[in-house]
file target-v7.txt (compact mmCIF, C-alpha atoms)
# COMPACT_ATOMS: atom_id res chain seq x y z
CA MET A 1 14.30 -3.53 6.08
CA SER A 2 11.18 -5.69 6.55
CA GLU A 3 12.02 -9.36 5.98
CA ILE A 4 8.43 -10.04 4.95
CA LEU A 5 8.54 -7.39 2.24
CA LYS A 6 11.94 -8.66 1.10
CA LYS A 7 10.40 -12.12 0.79
CA LEU A 8 7.51 -10.70 -1.24
CA THR A 9 9.98 -9.00 -3.57
CA SER A 10 11.94 -12.24 -3.94
CA GLN A 11 8.78 -13.87 -5.30
CA GLY A 12 8.80 -11.47 -8.25
CA VAL A 13 6.33 -8.91 -6.89
CA SER A 14 7.29 -5.24 -7.24
CA ILE A 15 6.05 -3.15 -4.31
CA TRP A 16 4.73 0.27 -5.31
CA LEU A 17 3.29 2.89 -2.96
CA ASP A 18 -0.24 4.02 -3.81
CA ASP A 19 0.25 7.55 -2.54
CA ILE A 20 2.17 10.77 -3.11
CA SER A 21 2.30 14.17 -1.48
CA ARG A 22 4.62 17.17 -1.36
CA GLU A 23 5.08 16.60 2.38
CA ARG A 24 6.09 12.98 1.83
CA LEU A 25 8.67 14.15 -0.69
CA ARG A 26 10.16 17.07 1.21
CA SER A 27 10.37 15.14 4.50
CA GLY A 28 12.38 12.33 2.90
CA ASN A 29 9.65 9.80 3.72
CA LEU A 30 9.65 8.34 0.21
CA GLU A 31 13.41 7.66 0.41
CA GLN A 32 12.80 6.03 3.80
CA LEU A 33 10.12 3.73 2.37
CA ILE A 34 12.50 2.77 -0.44
CA ARG A 35 15.19 1.87 2.11
CA GLU A 36 13.02 0.19 4.73
CA LYS A 37 9.88 -1.07 2.97
CA SER A 38 11.20 -2.28 -0.41
CA VAL A 39 9.16 0.35 -2.31
CA VAL A 40 10.27 0.56 -5.95
CA GLY A 41 7.49 2.65 -7.51
CA VAL A 42 4.71 5.16 -6.86
CA THR A 43 1.19 5.50 -8.20
CA SER A 44 -1.08 8.52 -7.92
CA ASN A 45 -4.67 9.37 -8.76
CA PRO A 46 -6.96 12.39 -8.43
CA THR A 47 -8.17 11.30 -4.97
CA ILE A 48 -4.59 11.06 -3.69
CA PHE A 49 -3.76 14.57 -4.93
CA ALA A 50 -6.97 16.01 -3.49
CA ASN A 51 -6.12 14.52 -0.09
CA ALA A 52 -2.51 15.75 -0.26
CA LEU A 53 -3.53 19.30 -1.02
CA SER A 54 -6.01 19.38 1.86
CA LYS A 55 -3.32 18.79 4.52
CA GLY A 56 -0.48 20.96 5.76
CA ASP A 57 1.33 23.84 4.11
CA ALA A 58 3.63 22.05 1.66
CA TYR A 59 1.92 23.60 -1.37
CA ASP A 60 1.51 27.14 -0.03
CA ALA A 61 4.61 28.70 -1.59
CA GLN A 62 3.85 27.34 -5.05
CA LEU A 63 0.20 28.32 -4.76
CA HIS A 64 1.22 31.85 -3.81
CA ASP A 65 3.42 32.15 -6.90
CA LEU A 66 0.71 30.72 -9.14
CA ALA A 67 -1.79 33.22 -7.74
CA VAL A 68 0.60 36.14 -8.28
CA ARG A 69 1.09 35.04 -11.88
CA GLY A 70 -2.67 34.86 -12.42
CA VAL A 71 -2.57 31.24 -13.60
CA ASP A 72 -6.01 29.68 -14.13
CA VAL A 73 -7.06 26.80 -11.91
CA GLY A 74 -6.61 24.05 -14.51
CA GLU A 75 -3.04 25.06 -15.25
CA ALA A 76 -2.35 25.49 -11.54
CA VAL A 77 -3.42 21.92 -10.85
CA ARG A 78 -1.16 20.67 -13.63
CA ALA A 79 1.74 22.72 -12.30
CA ILE A 80 1.26 21.28 -8.80
CA THR A 81 0.81 17.65 -9.83
CA THR A 82 3.61 17.54 -12.38
CA TYR A 83 5.97 19.13 -9.84
CA ASP A 84 5.32 16.29 -7.39
CA ILE A 85 5.59 13.64 -10.08
CA ARG A 86 8.93 15.00 -11.35
CA TRP A 87 10.28 15.06 -7.80
CA ALA A 88 9.17 11.48 -7.12
CA ALA A 89 10.58 10.36 -10.48
CA ASP A 90 13.95 11.84 -9.54
CA VAL A 91 13.90 10.09 -6.16
CA LEU A 92 13.13 6.78 -7.87
CA ARG A 93 15.56 7.27 -10.76
CA PRO A 94 18.33 5.09 -9.21
CA ILE A 95 15.87 2.18 -9.06
CA TYR A 96 14.81 2.82 -12.65
CA ASP A 97 18.46 2.71 -13.73
CA ALA A 98 19.28 -0.36 -11.63
CA THR A 99 16.32 -2.36 -12.98
CA GLY A 100 16.77 -1.35 -16.61
CA GLY A 101 13.62 0.72 -16.56
CA VAL A 102 11.28 -1.95 -15.19
CA ASP A 103 10.72 -0.34 -11.78
CA GLY A 104 11.45 3.09 -10.34
CA ARG A 105 8.24 4.23 -12.02
CA VAL A 106 5.82 7.03 -11.11
CA SER A 107 2.28 7.22 -12.51
CA LEU A 108 0.28 10.35 -13.37
CA GLU A 109 -3.33 10.18 -14.52
CA VAL A 110 -4.91 12.02 -17.42
CA ASP A 111 -7.78 14.33 -16.50
CA PRO A 112 -10.54 11.83 -15.54
CA ARG A 113 -13.17 14.04 -17.13
CA LEU A 114 -11.77 12.87 -20.47
CA ALA A 115 -12.38 9.17 -19.80
CA ARG A 116 -15.00 8.94 -22.56
CA GLU A 117 -13.13 11.08 -25.10
CA THR A 118 -10.40 9.34 -27.08
CA ASP A 119 -8.79 12.27 -28.89
CA LYS A 120 -8.65 14.48 -25.82
CA THR A 121 -7.14 11.65 -23.78
CA ILE A 122 -4.41 11.20 -26.39
CA ALA A 123 -3.68 14.94 -26.40
CA GLU A 124 -3.56 15.01 -22.59
CA ALA A 125 -1.22 12.00 -22.48
CA ARG A 126 1.15 13.71 -24.91
CA PHE A 127 1.11 16.91 -22.86
CA LEU A 128 1.79 15.17 -19.54
CA TRP A 129 4.60 13.11 -21.07
CA TRP A 130 6.19 16.35 -22.28
CA ALA A 131 5.47 18.34 -19.11
CA VAL A 132 6.99 15.82 -16.70
CA ASP A 133 9.83 14.91 -19.05
CA ARG A 134 11.13 11.93 -17.10
CA PRO A 135 11.80 8.52 -18.67
CA ASN A 136 10.42 6.71 -15.61
CA LEU A 137 6.96 8.26 -15.95
CA LEU A 138 3.85 6.20 -16.64
CA ILE A 139 0.76 7.97 -18.00
CA LYS A 140 -2.43 6.54 -16.51
CA ILE A 141 -5.18 6.04 -19.09
CA PRO A 142 -8.52 4.48 -18.05
CA ALA A 143 -9.58 1.19 -19.62
CA THR A 144 -12.87 2.56 -20.88
CA VAL A 145 -13.94 1.59 -24.40
CA GLU A 146 -12.89 5.07 -25.49
CA GLY A 147 -9.59 4.71 -23.64
CA LEU A 148 -8.49 1.61 -25.56
CA PRO A 149 -7.50 3.38 -28.83
CA ALA A 150 -5.81 6.08 -26.73
CA ILE A 151 -3.69 3.37 -25.09
CA THR A 152 -2.67 2.03 -28.48
CA GLN A 153 -1.84 5.50 -29.80
CA ALA A 154 0.18 6.54 -26.75
CA ILE A 155 2.26 3.36 -26.78
CA SER A 156 2.78 3.67 -30.54
CA GLU A 157 4.41 7.05 -29.86
CA GLY A 158 6.76 5.65 -27.22
CA ILE A 159 4.75 6.87 -24.23
CA SER A 160 4.81 4.42 -21.32
CA VAL A 161 1.32 3.70 -20.01
CA ASN A 162 -0.34 2.52 -16.81
CA VAL A 163 -3.81 1.33 -17.85
CA THR A 164 -6.16 1.95 -14.94
CA LEU A 165 -9.70 1.05 -13.83
CA ILE A 166 -9.71 -2.53 -15.13
CA PHE A 167 -12.38 -4.69 -13.50
CA SER A 168 -13.45 -7.32 -16.03
CA LEU A 169 -11.57 -10.17 -17.65
CA GLU A 170 -13.03 -9.30 -21.05
CA ARG A 171 -11.87 -5.69 -20.79
CA TYR A 172 -8.46 -6.82 -19.57
CA ARG A 173 -8.05 -8.90 -22.72
CA ALA A 174 -9.02 -5.83 -24.76
CA VAL A 175 -6.39 -3.82 -22.87
CA MET A 176 -3.70 -6.37 -23.69
CA ASP A 177 -4.76 -6.28 -27.34
CA ALA A 178 -4.53 -2.45 -27.33
CA TRP A 179 -1.06 -2.68 -25.77
CA LEU A 180 0.16 -5.21 -28.35
CA ALA A 181 -1.26 -3.12 -31.19
CA GLY A 182 0.60 -0.09 -29.82
CA LEU A 183 3.87 -2.00 -29.69
CA GLU A 184 3.39 -3.25 -33.24
CA ALA A 185 2.79 0.31 -34.45
CA ALA A 186 5.84 1.53 -32.52
CA GLN A 187 7.94 -1.20 -34.10
CA ALA A 188 6.73 -0.17 -37.56
CA LYS A 189 7.93 3.37 -36.79
CA GLY A 190 11.35 2.07 -35.80
CA LEU A 191 11.03 2.95 -32.10
CA ASP A 192 13.03 1.10 -29.45
CA LEU A 193 10.48 -1.26 -27.89
CA ALA A 194 12.66 -1.84 -24.84
CA GLY A 195 12.06 1.77 -23.83
CA ILE A 196 8.26 1.43 -23.72
CA GLU A 197 6.94 0.17 -20.40
CA SER A 198 3.35 -0.64 -19.48
CA VAL A 199 1.39 -2.03 -16.56
CA ALA A 200 -2.29 -2.97 -16.40
CA SER A 201 -3.99 -1.95 -13.15
CA PHE A 202 -6.54 -4.63 -12.26
CA PHE A 203 -8.72 -3.50 -9.35
CA VAL A 204 -9.35 -6.00 -6.56
CA SER A 205 -11.09 -4.86 -3.36
CA ARG A 206 -13.81 -2.90 -5.14
CA VAL A 207 -14.97 -6.14 -6.77
CA ASP A 208 -15.55 -7.69 -3.35
CA THR A 209 -17.27 -4.54 -2.07
CA GLU A 210 -19.84 -4.61 -4.88
CA ILE A 211 -20.37 -8.38 -4.99
CA ASP A 212 -20.53 -8.75 -1.19
CA LYS A 213 -23.31 -6.17 -1.12
CA ARG A 214 -25.25 -8.24 -3.66
CA LEU A 215 -24.55 -11.50 -1.83
CA ASP A 216 -26.06 -10.05 1.34
CA LYS A 217 -29.26 -9.33 -0.56
CA LEU A 218 -29.23 -12.86 -1.99
CA GLY A 219 -28.66 -14.43 1.42
CA ARG A 220 -25.37 -16.06 0.39
CA PRO A 221 -22.81 -14.77 2.92
CA GLU A 222 -20.63 -17.87 2.55
CA LEU A 223 -19.42 -16.58 -0.82
CA LYS A 224 -18.39 -13.15 0.44
CA GLY A 225 -14.78 -12.00 0.20
CA LYS A 226 -13.82 -14.44 -2.54
CA ALA A 227 -14.61 -12.69 -5.82
CA GLY A 228 -11.84 -10.08 -5.86
CA VAL A 229 -8.99 -12.56 -5.51
CA ALA A 230 -10.58 -15.11 -7.86
CA ASN A 231 -11.13 -12.44 -10.53
CA ALA A 232 -7.52 -11.24 -10.25
CA ARG A 233 -6.14 -14.78 -10.39
CA LEU A 234 -8.04 -15.39 -13.63
CA ALA A 235 -6.62 -12.12 -14.97
CA TYR A 236 -3.15 -13.53 -14.40
CA ALA A 237 -4.18 -16.67 -16.29
CA ALA A 238 -5.21 -14.43 -19.20
CA PHE A 239 -1.86 -12.62 -18.95
CA GLU A 240 -0.02 -15.95 -19.16
CA GLU A 241 -2.09 -16.96 -22.17
CA VAL A 242 -1.40 -13.73 -24.06
CA THR A 243 2.32 -13.70 -23.23
CA SER A 244 2.69 -17.24 -24.55
CA SER A 245 1.17 -16.28 -27.92
CA GLU A 246 3.17 -16.03 -31.13
CA ARG A 247 2.10 -12.39 -31.43
CA TRP A 248 3.80 -11.51 -28.15
CA GLN A 249 6.84 -13.69 -28.80
CA ARG A 250 7.55 -11.75 -32.01
CA LEU A 251 7.46 -8.46 -30.12
CA ARG A 252 9.52 -9.88 -27.28
CA ALA A 253 12.18 -10.95 -29.77
CA ALA A 254 12.26 -7.32 -30.96
CA GLY A 255 13.01 -6.11 -27.43
CA ALA A 256 9.53 -5.49 -25.99
CA ARG A 257 8.82 -6.11 -22.32
CA PRO A 258 5.64 -7.58 -20.82
CA GLN A 259 2.77 -5.42 -19.68
CA ARG A 260 2.83 -6.51 -16.06
CA PRO A 261 -0.43 -7.05 -14.15
CA LEU A 262 -0.66 -4.51 -11.35
CA TRP A 263 -2.95 -5.27 -8.43
CA ALA A 264 -4.69 -2.02 -7.52
CA SER A 265 -7.26 -1.22 -4.84
CA THR A 266 -5.48 -3.59 -2.45
CA GLY A 267 -6.49 -1.87 0.77
CA VAL A 268 -8.99 -4.14 2.53
CA LYS A 269 -12.27 -2.32 3.07
CA ASP A 270 -14.12 -4.93 5.14
CA PRO A 271 -12.72 -5.23 8.71
CA ASN A 272 -13.86 -8.86 8.81
CA TYR A 273 -11.15 -9.79 6.31
CA ALA A 274 -7.41 -10.09 6.90
CA ASP A 275 -5.88 -6.69 6.20
CA THR A 276 -3.15 -8.24 4.05
CA MET A 277 -5.27 -10.64 1.99
CA TYR A 278 -5.02 -8.76 -1.32
CA VAL A 279 -1.25 -9.06 -1.06
CA ASP A 280 -0.84 -12.51 0.50
CA GLU A 281 -3.23 -14.14 -1.95
CA LEU A 282 -1.95 -12.46 -5.13
CA VAL A 283 1.72 -13.43 -5.27
CA ALA A 284 3.16 -14.45 -8.64
CA PRO A 285 6.23 -13.56 -10.70
CA GLY A 286 6.18 -10.45 -12.86
CA THR A 287 3.44 -8.60 -10.99
CA VAL A 288 3.15 -5.26 -9.21
CA ASN A 289 1.18 -4.65 -6.02
CA THR A 290 0.50 -0.98 -5.35
CA MET A 291 -0.43 -0.48 -1.70
CA PRO A 292 -1.66 2.39 0.42
CA GLU A 293 0.77 2.96 3.29
CA LYS A 294 -1.58 1.35 5.83
CA THR A 295 -1.56 -1.88 3.82
CA LEU A 296 2.20 -1.66 3.26
CA ASP A 297 2.75 -1.39 7.02
CA ALA A 298 0.39 -4.29 7.71
CA VAL A 299 2.19 -6.56 5.24
CA ALA A 300 5.58 -5.55 6.67
CA ASP A 301 4.33 -6.46 10.14
CA HIS A 302 2.34 -9.67 9.64
CA GLY A 303 1.95 -10.53 5.95
CA ARG A 304 1.97 -14.25 5.13
CA ILE A 305 4.09 -14.76 2.04
CA THR A 306 4.04 -18.46 1.22
CA GLY A 307 5.14 -18.53 -2.42
CA ASP A 308 3.02 -18.46 -5.57
CA THR A 309 -0.62 -17.97 -4.51
CA ILE A 310 -2.06 -17.45 -8.00
CA ARG A 311 -1.12 -20.19 -10.46
CA PRO A 312 -1.86 -23.19 -8.19
CA PHE A 313 -5.38 -21.83 -7.66
CA TYR A 314 -6.77 -21.32 -11.16
CA GLU A 315 -9.31 -24.13 -10.82
CA GLN A 316 -10.44 -22.81 -7.45
CA ALA A 317 -10.87 -19.35 -9.01
CA TRP A 318 -13.01 -20.70 -11.83
CA ASN A 319 -15.12 -22.63 -9.29
CA THR A 320 -15.61 -19.49 -7.22
CA MET A 321 -16.80 -17.49 -10.22
CA ALA A 322 -19.14 -20.32 -11.23
CA ALA A 323 -20.58 -20.44 -7.70
CA LEU A 324 -21.18 -16.70 -7.76
CA LYS A 325 -23.00 -16.99 -11.05
CA ASP A 326 -25.13 -19.84 -9.70
CA ALA A 327 -25.96 -17.69 -6.68
CA GLY A 328 -27.38 -15.02 -8.98
CA ILE A 329 -24.44 -12.63 -9.32
CA ASP A 330 -24.48 -10.90 -12.73
CA TYR A 331 -20.75 -10.46 -13.37
CA ASP A 332 -21.21 -8.29 -16.46
CA ASP A 333 -23.43 -5.89 -14.53
CA VAL A 334 -21.01 -5.82 -11.59
CA VAL A 335 -18.02 -4.78 -13.71
CA LYS A 336 -20.13 -2.24 -15.65
CA VAL A 337 -21.23 -0.61 -12.40
CA LEU A 338 -17.67 -0.62 -11.05
CA GLU A 339 -16.24 1.04 -14.16
CA GLU A 340 -18.90 3.75 -14.12
CA GLU A 341 -18.39 4.32 -10.39
CA GLY A 342 -14.61 4.37 -10.81
CA VAL A 343 -14.76 7.05 -13.50
CA ASP A 344 -17.31 9.06 -11.50
CA LYS A 345 -15.27 8.88 -8.27
CA PHE A 346 -12.06 10.06 -9.93
CA GLU A 347 -13.95 12.83 -11.70
CA ALA A 348 -15.47 13.94 -8.40
CA SER A 349 -12.02 13.92 -6.78
CA TRP A 350 -10.65 15.95 -9.68
CA ASN A 351 -13.41 18.50 -9.22
CA ASP A 352 -12.64 18.61 -5.49
CA LEU A 353 -9.01 19.25 -6.35
CA LEU A 354 -9.96 22.05 -8.76
CA ASP A 355 -12.25 23.63 -6.15
CA SER A 356 -9.58 23.44 -3.46
CA VAL A 357 -6.92 25.02 -5.68
CA LYS A 358 -9.36 27.70 -6.85
CA LYS A 359 -10.05 28.73 -3.25
CA LYS A 360 -6.36 28.79 -2.36
CA LEU A 361 -5.52 30.87 -5.44
CA ALA A 362 -8.20 33.35 -4.42
CA GLY A 363 -6.46 33.78 -1.08
call {"tool": "encode", "arguments": {"input": "target-v7.txt", "output": "structure tokens"}}
result
Amino acid sequence: MSEILKKLTSQGVSIWLDDISRERLRSGNLEQLIREKSVVGVTSNPTIFANALSKGDAYDAQLHDLAVRGVDVGEAVRAITTYDIRWAADVLRPIYDATGGVDGRVSLEVDPRLARETDKTIAEARFLWWAVDRPNLLIKIPATVEGLPAITQAISEGISVNVTLIFSLERYRAVMDAWLAGLEAAQAKGLDLAGIESVASFFVSRVDTEIDKRLDKLGRPELKGKAGVANARLAYAAFEEVTSSERWQRLRAAGARPQRPLWASTGVKDPNYADTMYVDELVAPGTVNTMPEKTLDAVADHGRITGDTIRPFYEQAWNTMAALKDAGIDYDDVVKVLEEEGVDKFEASWNDLLDSVKKKLAG
């Protein structure tokens, strides 16, 4: 087992793999990553499934049966994705049991085409929760304005939620409020709060990608590569503030568990930056870092885990954001663009997945 990854885990960071495929499952690769790379969870998204289906023959037998049965493409996609998620959940079940339900989690996203439709998102979350039927499932709901009440409703019904596509500090606070409201409603119904898990996926590298592009136009290259980490560090400060509130303490006393910050989009996209920076620089207790395998391997090989790299740097993070504003970066516009792009990219990947399955069903 990688000593570097063990050290990262010892700092209170849960390592989740940002990938899933039928081939990874049937080859035993996921079990290997659990043994050797300290992986204790899995996340998926439409892009990941589209990529998985485009490679190899792992899905051929199921696709053949679905075609023989005359299943429509939408139901075929759900059959394929829920099959993989159930399998991964079963592989991770021992970790779920050993950690009391904190880790050993697998995430499945609602249809991204519903990101702006609250009622349909709620209905989809209920269906996926029923279809997978595993206690270690997390339903991914986007942090759009329309997604917020869906988050509250799902949690109020005892559905564990991974809130995705969070870019802004303001929206992150709204997500935490939606989560708390859901727990309060669940408590009023008499549900066991200890059985409701949630994480909040705060995206990192995409912030740098968008802001760096703007900094180049402004002629301020010295500020590049700093926004993503600073933004995430300030998200953790917001998390600490909310989880020290009386509102949270009341729920905690009733058995509720924190909605952990999850660092998403941690693969470094600019080759000029250290390929482990979104892991090395975002270490703090009670967090999750979901990594693509390339990033996981890089951290295992040469990550620099030096202890808490978030809380000692709050002032530096605020100074970075202030400098970006002074340079002409419109933060509100940046996060608006990123949310819209995020929804559009996942919708495009979902459509690619539908097209791919449609062609395979047709023979």
call {"tool": "closest_residue", "arguments": {"input": "target-v7.txt", "among": "A:Ile20, A:Ala181, A:Met176, A:Met277", "to": "Glu240 (chain A)", "atoms": "all atoms listed in the file"}}
result
A:Met176
call {"tool": "residues_around", "arguments": {"input": "target-v7.txt", "residues": "region 183-189 of chain A", "least_positions_apart": "4", "cutoff": "9 Å", "atoms": "only C-alpha atoms", "output": "PyMOL selection string"}}
result
chain A and resi 152-153+155-158+178-179+193+196+251+254+256
call {"tool": "atom_distance", "arguments": {"input": "target-v7.txt", "atom1": "CA of Ala227 (chain A)", "atom2": "CA of Thr295 (chain A)"}}
result
19.5 Å
call {"tool": "atom_distance", "arguments": {"input": "target-v7.txt", "atom1": "CA of Gly225 (chain A)", "atom2": "CA of Glu281 (chain A)"}}
result
11.9 Å
call {"tool": "closest_residue", "arguments": {"input": "target-v7.txt", "among": "A:Gly104, A:Gly255, A:Pro285, A:Pro142", "to": "Thr43 (chain A)", "atoms": "all atoms listed in the file"}}
result
A:Gly104
call {"tool": "atom_distance", "arguments": {"input": "target-v7.txt", "atom1": "CA of Ala237 (chain A)", "atom2": "CA of Asp270 (chain A)"}}
result
26.4 Å
call {"tool": "closest_residue", "arguments": {"input": "target-v7.txt", "among": "A:Gly228, A:Ser245, A:Ser356, A:Leu338", "to": "Lys55 (chain A)", "atoms": "only C-alpha atoms"}}
result
A:Ser356
call {"tool": "residues_around", "arguments": {"input": "target-v7.txt", "residues": "Asp330 (chain A)", "least_positions_apart": "3", "cutoff": "12 Å", "atoms": "all atoms listed in the file", "output": "list in words"}}
result
Glu210, Ile211, Arg214, Leu215, Leu218, Met321, Ala322, Ala323, Leu324, Lys325, Asp326, Ala327, Asp333, Val334, Val335, Lys336 and Val337 of chain A
call {"tool": "residues_around", "arguments": {"input": "target-v7.txt", "residues": "Phe167 (chain A)", "least_positions_apart": "3", "cutoff": "8 Å", "atoms": "all atoms listed in the file", "output": "NGL selection string"}}
result
:A and (171-172 or 202-204 or 207 or 335 or 338-339)
call {"tool": "closest_atom_pairs", "arguments": {"input": "target-v7.txt", "of": "region 138-187 of chain A", "to": "region 112-128 of chain A", "cutoff": "7 Å", "atoms": "only C-alpha atoms", "output": "JSON lines"}}
result
{"residue": "A:Ile139", "atom": "CA", "partner": "A:Ala125", "partner_atom": "CA", "distance": 6.3}
{"residue": "A:Pro142", "atom": "CA", "partner": "A:Ala115", "partner_atom": "CA", "distance": 6.3}
{"residue": "A:Thr144", "atom": "CA", "partner": "A:Ala115", "partner_atom": "CA", "distance": 6.7}
{"residue": "A:Glu146", "atom": "CA", "partner": "A:Thr118", "partner_atom": "CA", "distance": 5.2}
{"residue": "A:Gly147", "atom": "CA", "partner": "A:Thr118", "partner_atom": "CA", "distance": 5.8}
{"residue": "A:Pro149", "atom": "CA", "partner": "A:Thr118", "partner_atom": "CA", "distance": 6.9}
{"residue": "A:Ala150", "atom": "CA", "partner": "A:Ile122", "partner_atom": "CA", "distance": 5.3}
{"residue": "A:Ala154", "atom": "CA", "partner": "A:Ile122", "partner_atom": "CA", "distance": 6.6}
call {"tool": "residues_around", "arguments": {"input": "target-v7.txt", "residues": "Asn29 (chain A)", "least_positions_apart": "3", "cutoff": "12 Å", "atoms": "all atoms listed in the file", "output": "list in words"}}
result
Leu17, Asp19, Ile20, Ser21, Arg22, Glu23, Arg24, Leu25, Arg26, Gln32, Leu33, Ile34, Arg35, Glu36, Lys37, Val39, Ala88, Val91 and Glu293 of chain A
call {"tool": "residues_around", "arguments": {"input": "target-v7.txt", "residues": "Ala317 (chain A)", "least_positions_apart": "2", "cutoff": "7 Å", "atoms": "all atoms listed in the file", "output": "MDAnalysis selection string"}}
result
chainID A and resid 230 233:234 313:315 319:321
call {"tool": "decode", "arguments": {"input": "target-v7.txt", "residues": "region 165-211 of chain A", "atoms": "C-alpha atoms", "output": "PDB file, in the first residue's frame"}}
result
ATOM      1  CA  LEU A 165     -21.339  21.165  -9.471  1.00  0.00           C
ATOM      2  CA  ILE A 166     -20.611  23.629  -6.652  1.00  0.00           C
ATOM      3  CA  PHE A 167     -18.334  26.473  -7.713  1.00  0.00           C
ATOM      4  CA  SER A 168     -19.228  29.521  -5.628  1.00  0.00           C
ATOM      5  CA  LEU A 169     -18.997  30.195  -1.914  1.00  0.00           C
ATOM      6  CA  GLU A 170     -22.472  31.746  -1.900  1.00  0.00           C
ATOM      7  CA  ARG A 171     -24.005  28.683  -3.552  1.00  0.00           C
ATOM      8  CA  TYR A 172     -22.097  26.401  -1.197  1.00  0.00           C
ATOM      9  CA  ARG A 173     -23.688  28.163   1.767  1.00  0.00           C
ATOM     10  CA  ALA A 174     -27.088  27.684   0.117  1.00  0.00           C
ATOM     11  CA  VAL A 175     -26.288  23.974  -0.303  1.00  0.00           C
ATOM     12  CA  MET A 176     -25.459  23.632   3.386  1.00  0.00           C
ATOM     13  CA  ASP A 177     -28.709  25.400   4.260  1.00  0.00           C
ATOM     14  CA  ALA A 178     -30.645  22.992   1.994  1.00  0.00           C
ATOM     15  CA  TRP A 179     -28.912  20.043   3.665  1.00  0.00           C
ATOM     16  CA  LEU A 180     -29.713  21.298   7.178  1.00  0.00           C
ATOM     17  CA  ALA A 181     -33.327  21.949   6.201  1.00  0.00           C
ATOM     18  CA  GLY A 182     -33.559  18.391   4.880  1.00  0.00           C
ATOM     19  CA  LEU A 183     -32.196  16.964   8.120  1.00  0.00           C
ATOM     20  CA  GLU A 184     -34.632  19.043  10.158  1.00  0.00           C
ATOM     21  CA  ALA A 185     -37.540  17.762   8.065  1.00  0.00           C
ATOM     22  CA  ALA A 186     -36.266  14.184   8.403  1.00  0.00           C
ATOM     23  CA  GLN A 187     -36.044  14.609  12.164  1.00  0.00           C
ATOM     24  CA  ALA A 188     -39.624  15.894  12.264  1.00  0.00           C
ATOM     25  CA  LYS A 189     -40.682  12.695  10.465  1.00  0.00           C
ATOM     26  CA  GLY A 190     -38.884  10.570  13.033  1.00  0.00           C
ATOM     27  CA  LEU A 191     -36.210   9.277  10.650  1.00  0.00           C
ATOM     28  CA  ASP A 192     -32.832   8.092  11.920  1.00  0.00           C
ATOM     29  CA  LEU A 193     -30.503  10.986  11.087  1.00  0.00           C
ATOM     30  CA  ALA A 194     -27.413   8.814  11.500  1.00  0.00           C
ATOM     31  CA  GLY A 195     -28.456   6.886   8.404  1.00  0.00           C
ATOM     32  CA  ILE A 196     -28.504   9.960   6.138  1.00  0.00           C
ATOM     33  CA  GLU A 197     -25.123  10.783   4.622  1.00  0.00           C
ATOM     34  CA  SER A 198     -24.221  13.748   2.428  1.00  0.00           C
ATOM     35  CA  VAL A 199     -21.174  15.253   0.768  1.00  0.00           C
ATOM     36  CA  ALA A 200     -20.859  18.566  -1.062  1.00  0.00           C
ATOM     37  CA  SER A 201     -18.744  18.371  -4.231  1.00  0.00           C
ATOM     38  CA  PHE A 202     -16.824  21.628  -4.562  1.00  0.00           C
ATOM     39  CA  PHE A 203     -15.097  21.835  -7.956  1.00  0.00           C
ATOM     40  CA  VAL A 204     -11.487  23.003  -8.011  1.00  0.00           C
ATOM     41  CA  SER A 205      -9.479  22.789 -11.250  1.00  0.00           C
ATOM     42  CA  ARG A 206     -12.229  24.210 -13.441  1.00  0.00           C
ATOM     43  CA  VAL A 207     -12.051  27.441 -11.427  1.00  0.00           C
ATOM     44  CA  ASP A 208      -8.390  27.840 -12.327  1.00  0.00           C
ATOM     45  CA  THR A 209      -9.048  26.964 -15.974  1.00  0.00           C
ATOM     46  CA  GLU A 210     -11.627  29.750 -16.336  1.00  0.00           C
ATOM     47  CA  ILE A 211      -9.832  32.377 -14.248  1.00  0.00           C
TER      48      ILE A 211
END
